[in-house]
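Here is final.txt, consisting of compact mmCIF, C-alpha atoms:
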```txt
# COMPACT_ATOMS: atom_id res chain seq x y z
CA MET P 28 50.01 12.78 -88.68
CA ASN P 29 52.19 11.90 -91.71
CA PHE P 30 54.75 10.52 -89.29
CA LEU P 31 52.15 8.27 -87.66
CA ARG P 32 50.92 7.06 -91.00
CA ARG P 33 54.41 6.14 -92.06
CA ARG P 34 55.08 4.36 -88.78
CA LEU P 35 51.80 2.43 -88.82
CA SER P 36 52.37 1.44 -92.45
CA ASP P 37 55.61 -0.22 -91.40
CA SER P 38 54.84 -3.93 -90.96
CA SER P 39 57.70 -4.49 -88.52
CA PHE P 40 56.40 -1.74 -86.20
CA VAL P 41 52.83 -3.04 -86.26
CA ALA P 42 54.00 -6.59 -85.49
CA ASN P 43 55.67 -5.38 -82.31
CA LEU P 44 52.47 -3.70 -81.02
CA PRO P 45 50.44 -5.46 -78.21
CA ASN P 46 47.39 -7.51 -79.16
CA GLY P 47 44.25 -5.42 -79.64
CA TYR P 48 46.12 -2.15 -79.83
CA MET P 49 44.90 -1.31 -83.32
CA THR P 50 41.33 -2.33 -82.42
CA ASP P 51 41.27 0.11 -79.49
CA LEU P 52 42.39 2.90 -81.79
CA GLN P 53 39.46 2.29 -84.12
CA ARG P 54 36.80 2.62 -81.30
CA PRO P 55 34.66 5.79 -81.65
CA ASP P 56 34.74 6.49 -77.85
CA SER P 57 37.55 8.93 -77.48
CA SER P 58 37.27 9.10 -73.69
CA THR P 59 38.69 5.60 -73.36
CA SER P 60 42.43 5.54 -73.76
CA SER P 61 44.41 2.34 -73.92
CA PRO P 62 47.65 2.03 -72.01
CA ALA P 63 50.80 2.49 -73.96
CA SER P 64 52.27 -0.76 -72.72
CA PRO P 65 51.50 -3.72 -70.41
CA ALA P 66 53.91 -2.25 -67.89
CA MET P 67 51.85 0.91 -67.61
CA GLU P 68 48.72 -1.23 -67.34
CA ARG P 69 50.22 -3.06 -64.38
CA ARG P 70 51.18 0.22 -62.71
CA HIS P 71 47.61 1.59 -62.83
CA PRO P 72 45.17 -1.29 -62.16
CA GLN P 73 41.48 -0.39 -62.37
CA PRO P 74 39.40 -1.38 -59.33
CA LEU P 75 36.78 -4.01 -60.03
CA ALA P 76 34.16 -2.34 -57.89
CA ALA P 77 34.18 0.68 -60.20
CA SER P 78 33.46 -1.41 -63.29
CA PHE P 79 30.64 -3.71 -62.07
CA SER P 80 28.64 -4.79 -58.96
CA SER P 81 27.16 -8.18 -58.07
CA PRO P 82 23.34 -8.66 -58.05
CA GLY P 83 23.37 -9.61 -54.37
CA SER P 84 25.06 -6.43 -53.27
CA SER P 85 22.74 -4.40 -55.44
CA LEU P 86 19.65 -6.02 -53.87
CA PHE P 87 20.98 -5.48 -50.36
CA SER P 88 21.76 -1.82 -51.05
CA SER P 89 18.28 -1.32 -52.50
CA PHE P 90 16.70 -2.97 -49.48
CA SER P 91 18.80 -0.83 -47.15
CA SER P 92 17.79 2.32 -48.97
CA ALA P 93 14.11 1.37 -48.73
CA MET P 94 14.42 0.74 -45.00
CA LYS P 95 16.12 4.11 -44.52
CA GLN P 96 13.41 5.87 -46.48
CA THR P 97 10.71 4.14 -44.43
CA SER P 98 12.32 5.06 -41.14
CA GLN P 99 12.94 8.61 -42.32
CA ALA P 100 9.50 9.21 -43.78
CA PRO P 101 8.19 12.77 -43.79
CA SER P 102 6.47 13.79 -40.60
CA GLY P 103 3.35 14.71 -42.52
CA LEU P 104 2.72 11.09 -43.54
CA MET P 105 3.04 9.62 -40.03
CA GLU P 106 1.30 10.64 -36.83
CA PRO P 107 3.63 11.52 -33.98
CA PRO P 108 3.68 8.85 -31.25
CA GLY P 109 1.31 9.65 -28.39
CA PRO P 110 1.91 9.12 -24.67
CA SER P 111 2.21 5.45 -23.67
CA THR P 112 -0.89 3.96 -22.02
CA PRO P 113 -0.12 2.52 -18.55
CA VAL P 114 -0.71 -1.21 -18.16
CA VAL P 115 -3.61 -1.87 -15.79
CA GLN P 116 -2.80 -4.85 -13.57
CA ARG P 117 -5.47 -7.06 -12.08
CA PRO P 118 -6.35 -6.41 -8.42
CA ARG P 119 -4.86 -8.69 -5.80
CA ILE P 120 -7.39 -10.76 -3.85
CA LEU P 121 -7.10 -10.87 -0.06
CA LEU P 122 -9.12 -13.63 1.60
CA VAL P 123 -10.00 -12.78 5.20
CA ILE P 124 -11.24 -15.73 7.26
CA ASP P 125 -13.27 -14.13 10.03
CA ASP P 126 -16.86 -13.70 11.19
CA ALA P 127 -19.08 -10.90 9.95
CA HIS P 128 -18.68 -8.75 13.09
CA THR P 129 -15.63 -7.07 11.58
CA ASP P 130 -15.85 -5.56 8.09
CA TRP P 131 -12.30 -5.89 6.81
CA ALA P 132 -13.11 -4.35 3.41
CA LYS P 133 -13.30 -0.84 4.90
CA TYR P 134 -9.79 -1.15 6.33
CA PHE P 135 -8.35 -1.86 2.88
CA HIS P 136 -10.56 0.58 0.97
CA GLY P 137 -8.41 2.74 -1.30
CA LYS P 138 -5.23 0.90 -0.37
CA LYS P 139 -2.88 -0.24 -3.14
CA VAL P 140 0.11 -2.56 -3.28
CA ASN P 141 3.22 -0.49 -4.12
CA GLY P 142 0.87 2.38 -4.84
CA GLU P 143 -0.28 0.76 -8.11
CA ILE P 144 -2.17 -2.52 -7.60
CA GLU P 145 -5.62 -2.44 -6.02
CA ILE P 146 -6.69 -4.83 -3.24
CA ARG P 147 -9.97 -6.74 -3.39
CA VAL P 148 -11.16 -8.18 -0.07
CA GLU P 149 -13.17 -11.39 0.15
CA GLN P 150 -14.36 -12.22 3.67
CA ALA P 151 -15.92 -15.46 4.92
CA GLU P 152 -15.83 -17.92 7.78
CA PHE P 153 -14.29 -21.37 7.64
CA SER P 154 -17.76 -22.91 7.52
CA GLU P 155 -18.56 -20.91 4.36
CA LEU P 156 -15.52 -22.02 2.39
CA ASN P 157 -14.55 -24.94 0.20
CA LEU P 158 -11.48 -25.32 -1.95
CA ALA P 159 -9.45 -27.37 -4.39
CA ALA P 160 -5.64 -27.14 -4.43
CA TYR P 161 -3.31 -28.17 -7.24
CA VAL P 162 0.43 -28.66 -7.57
CA THR P 163 0.87 -26.17 -10.42
CA GLY P 164 -2.52 -24.45 -10.52
CA GLY P 165 -2.55 -22.92 -7.06
CA CYS P 166 -5.71 -22.91 -4.95
CA MET P 167 -9.29 -22.29 -6.10
CA VAL P 168 -11.66 -21.23 -3.32
CA ASP P 169 -15.45 -21.53 -3.43
CA MET P 170 -17.35 -19.18 -1.11
CA GLN P 171 -21.00 -19.24 -0.13
CA VAL P 172 -22.00 -16.40 2.19
CA MET P 173 -25.16 -14.57 3.18
CA ARG P 174 -25.07 -10.83 2.53
CA ASN P 175 -28.16 -8.86 3.64
CA GLY P 176 -30.34 -11.94 3.33
CA THR P 177 -28.99 -12.81 -0.13
CA LYS P 178 -26.87 -15.87 -0.79
CA VAL P 179 -23.66 -14.92 -2.58
CA VAL P 180 -21.65 -17.61 -4.36
CA ARG P 181 -18.21 -16.85 -5.75
CA SER P 182 -15.12 -18.72 -6.93
CA PHE P 183 -11.70 -17.09 -7.01
CA LYS P 184 -7.97 -17.65 -6.57
CA PRO P 185 -6.74 -15.68 -3.55
CA ASP P 186 -3.29 -14.12 -3.50
CA PHE P 187 -3.02 -13.77 0.28
CA ILE P 188 -4.78 -15.11 3.38
CA LEU P 189 -5.56 -13.34 6.65
CA VAL P 190 -6.70 -15.86 9.27
CA ARG P 191 -8.67 -14.34 12.15
CA GLN P 192 -10.66 -17.42 13.22
CA HIS P 193 -9.80 -20.63 15.04
CA ALA P 194 -9.47 -23.57 12.69
CA TYR P 195 -10.31 -26.20 15.32
CA SER P 196 -12.82 -26.45 18.13
CA MET P 197 -14.08 -29.23 20.38
CA ALA P 198 -17.62 -28.47 19.22
CA LEU P 199 -19.20 -30.84 16.75
CA GLY P 200 -18.50 -30.00 13.11
CA GLU P 201 -15.97 -27.25 13.80
CA ASP P 202 -12.79 -29.00 12.70
CA TYR P 203 -11.46 -27.03 9.71
CA ARG P 204 -7.91 -28.32 9.71
CA SER P 205 -8.49 -29.86 6.27
CA LEU P 206 -9.07 -26.35 4.85
CA VAL P 207 -5.82 -25.15 6.41
CA ILE P 208 -4.03 -28.10 4.82
CA GLY P 209 -5.59 -27.23 1.45
CA LEU P 210 -4.45 -23.60 1.66
CA GLN P 211 -0.95 -24.77 2.57
CA TYR P 212 -1.08 -27.28 -0.31
CA GLY P 213 -1.85 -24.43 -2.71
CA GLY P 214 1.22 -22.49 -1.52
CA LEU P 215 -0.68 -19.40 -0.38
CA PRO P 216 1.07 -16.89 1.87
CA ALA P 217 -0.83 -16.03 5.03
CA VAL P 218 -0.80 -14.08 8.30
CA ASN P 219 -0.47 -15.74 10.67
CA SER P 220 1.40 -18.41 8.77
CA LEU P 221 -0.62 -21.51 7.94
CA TYR P 222 2.06 -23.55 9.70
CA SER P 223 1.40 -21.74 12.98
CA VAL P 224 -2.38 -21.83 12.44
CA TYR P 225 -2.26 -25.61 12.08
CA ASN P 226 0.04 -26.02 15.09
CA PHE P 227 -2.27 -23.95 17.29
CA CYS P 228 -5.11 -26.36 16.59
CA SER P 229 -3.62 -28.48 19.40
CA LYS P 230 -2.92 -26.66 22.66
CA PRO P 231 -0.74 -29.44 24.12
CA TRP P 232 1.40 -29.27 20.99
CA VAL P 233 1.87 -25.53 21.50
CA PHE P 234 2.67 -26.06 25.18
CA SER P 235 5.31 -28.62 24.21
CA GLN P 236 7.04 -25.89 22.21
CA LEU P 237 6.90 -23.64 25.26
CA ILE P 238 8.53 -26.39 27.30
CA LYS P 239 11.48 -26.33 24.89
CA ILE P 240 11.90 -22.61 25.50
CA PHE P 241 11.53 -23.22 29.24
CA HIS P 242 14.42 -25.70 29.21
CA SER P 243 16.50 -23.45 26.97
CA LEU P 244 16.16 -20.19 28.94
CA GLY P 245 15.45 -21.52 32.41
CA PRO P 246 12.55 -20.99 34.83
CA GLU P 247 13.75 -17.52 35.88
CA LYS P 248 13.67 -16.03 32.38
CA PHE P 249 10.76 -18.09 31.05
CA PRO P 250 8.51 -19.39 33.84
CA LEU P 251 5.78 -21.90 33.02
CA VAL P 252 2.73 -23.09 34.89
CA GLU P 253 3.18 -26.72 35.85
CA GLN P 254 0.88 -28.99 33.86
CA THR P 255 0.37 -32.71 33.36
CA PHE P 256 -0.48 -34.32 30.03
CA PHE P 257 -2.53 -37.51 29.63
CA PRO P 258 -3.02 -39.10 26.20
CA ASN P 259 -6.67 -39.92 27.02
CA HIS P 260 -9.20 -39.72 29.85
CA LYS P 261 -8.57 -43.15 31.43
CA PRO P 262 -5.58 -42.20 33.60
CA MET P 263 -7.46 -39.08 34.67
CA VAL P 264 -10.46 -41.01 36.06
CA SER P 265 -8.54 -42.80 38.82
CA THR P 266 -6.64 -39.62 39.68
CA PHE P 267 -9.84 -37.62 39.91
CA PHE P 268 -11.62 -40.10 42.18
CA SER P 269 -8.54 -40.45 44.39
CA LEU P 270 -8.55 -36.69 44.82
CA LEU P 271 -12.26 -36.71 45.76
CA SER P 272 -11.79 -39.47 48.30
CA PHE P 273 -8.83 -37.63 49.80
CA LEU P 274 -10.88 -34.49 50.26
CA TRP P 275 -13.90 -36.40 51.62
CA TYR P 276 -12.05 -38.37 54.25
CA GLY P 277 -9.57 -35.62 54.98
CA ILE P 278 -12.31 -33.62 56.68
CA ASN P 279 -12.45 -36.19 59.50
CA THR P 280 -8.60 -36.17 59.72
CA ASP P 281 -8.72 -39.79 58.65
CA VAL P 282 -6.81 -39.70 55.40
CA HIS P 283 -7.55 -42.74 53.33
CA VAL P 284 -6.88 -43.08 49.59
CA LEU P 285 -9.26 -45.49 47.88
CA SER P 286 -8.34 -47.84 45.10
CA PRO P 287 -9.77 -47.19 41.61
CA PHE P 288 -12.39 -49.95 42.17
CA GLU P 289 -13.41 -48.45 45.52
CA CYS P 290 -13.58 -45.03 43.91
CA ARG P 291 -15.99 -46.27 41.28
CA ARG P 292 -18.25 -47.93 43.87
CA TRP P 293 -18.17 -44.83 46.02
CA ALA P 294 -18.98 -42.55 43.09
CA TRP P 295 -21.77 -44.86 41.94
CA GLY P 296 -23.21 -44.84 45.45
CA LEU P 297 -23.28 -41.08 45.50
CA LEU P 298 -24.98 -41.02 42.12
CA SER P 299 -27.54 -43.63 43.14
CA ASP P 300 -28.41 -41.73 46.27
CA HIS P 301 -28.86 -38.61 44.23
CA LEU P 302 -31.15 -40.33 41.72
CA GLY P 303 -33.01 -42.36 44.32
CA SER P 304 -31.91 -45.69 42.88
CA LYS P 305 -30.66 -48.74 44.81
CA GLU P 306 -28.82 -50.42 41.95
CA GLU P 307 -25.41 -51.85 42.61
CA LEU P 308 -22.39 -51.65 40.37
```
In structure tokens, what does this structure look like?
Amino acid sequence: MNFLRRRLSDSSFVANLPNGYMTDLQRPDSSTSSPASPAMERRHPQPLAASFSSPGSSLFSSFSSAMKQTSQAPSGLMEPPGPSTPVVQRPRILLVIDDAHTDWAKYFHGKKVNGEIEIRVEQAEFSELNLAAYVTGGCMVDMQVMRNGTKVVRSFKPDFILVRQHAYSMALGEDYRSLVIGLQYGGLPAVNSLYSVYNFCSKPWVFSQLIKIFHSLGPEKFPLVEQTFFPNHKPMVSTFFSLLSFLWYGINTDVHVLSPFECRRWAWGLLSDHLGSKEEL
């Protein structure tokens, strides 16, 4: 200690000491030791992260710790997750277009699509249906049926169509091709396809498709009954009366084919004789 006092009392020795060296010696904290020289200080740099931390990193670490504590909460404070509840999907609606003689609901009773989705059957005839079809909204069907003497009115959006009734008939008021067009407009899948249902509304149109197959495969593989098509009844009238006159005069071995005008007079004469009238054409 006497040696240190003598050395520190020497003004030339103190002048050669680094700046702040004497101040560090006077600090009460004995655990902090100053380096002996700047060279030693450069050899042992202190990491900045050990001396201080930024507020942002401190906030993030606090937030992370809170999230970990929340996720790792004691089991006594949180109920264990129960079994997941299955999602119940809406039933698919099957529209059956058929008369009431066949109850289609009993054939689909208890059936499910992919074993999960139930099937709801709505059955009606073409005459009991009305609809509105949209480009993006699908097809909305209005149904008015009689069930056990009670009028049932329902509106729904079918998911599938089963067509079991003719969409066109020669009888008055039995042309339902507009409903077929509406179902096709709404983009509804069907069995048979709505395209085939609409095509079968015209028998000559269907027969024209058969003629194509006849020419493609040949008469041996695909025979067809010979038919003749007329666009209207006028060409058929003259042909019919010519056939009658041929049969009538052919009995007497005197074959004579009448002209259309003669056929009309002859037919009118037969009708007048039958009615007891003497009017002329």
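For the atom pair formed by CA of Glu201 (chain P) and CA of Pro262 (chain P), the distance is 26.9 Å, given to one decimal.
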Quiz prompt | Residue neighbourhood Arg204 (chain P), 10 Å, all atoms listed in the file, exclusion window fewer than 6 positions, as a PyMOL selection string | solution = chain P and resi 153+193-196+210+224-226+228
Quiz item: Pro118 (chain P): which residues within 12 Å, counting all atoms listed in the file, same-chain residues fewer than 5 positions away excluded, as an MDAnalysis selection string?
Solution: chainID P and resid 137:140 142:148 184:187
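Across the model, the gap from CA of Val123 (chain P) to CA of Gln171 (chain P) is 13.8 Å.
What separates CA of Gln236 (chain P) from CA of Leu251 (chain P) is a distance of 11.6 Å.
Distances to Gly209 (chain P) were evaluated for P:Glu155, P:Thr129, P:Met167, P:Leu237 using all atoms listed in the file, and the minimum falls at P:Met167.
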Quiz prompt | Test item: residues at most 10 Å from region 213-219 of chain P, all atoms listed in the file, excluding those fewer than 5 positions along its chain, as number ranges by chain | solution = P: 121-123, 158-167, 184-191, 207-208, 224
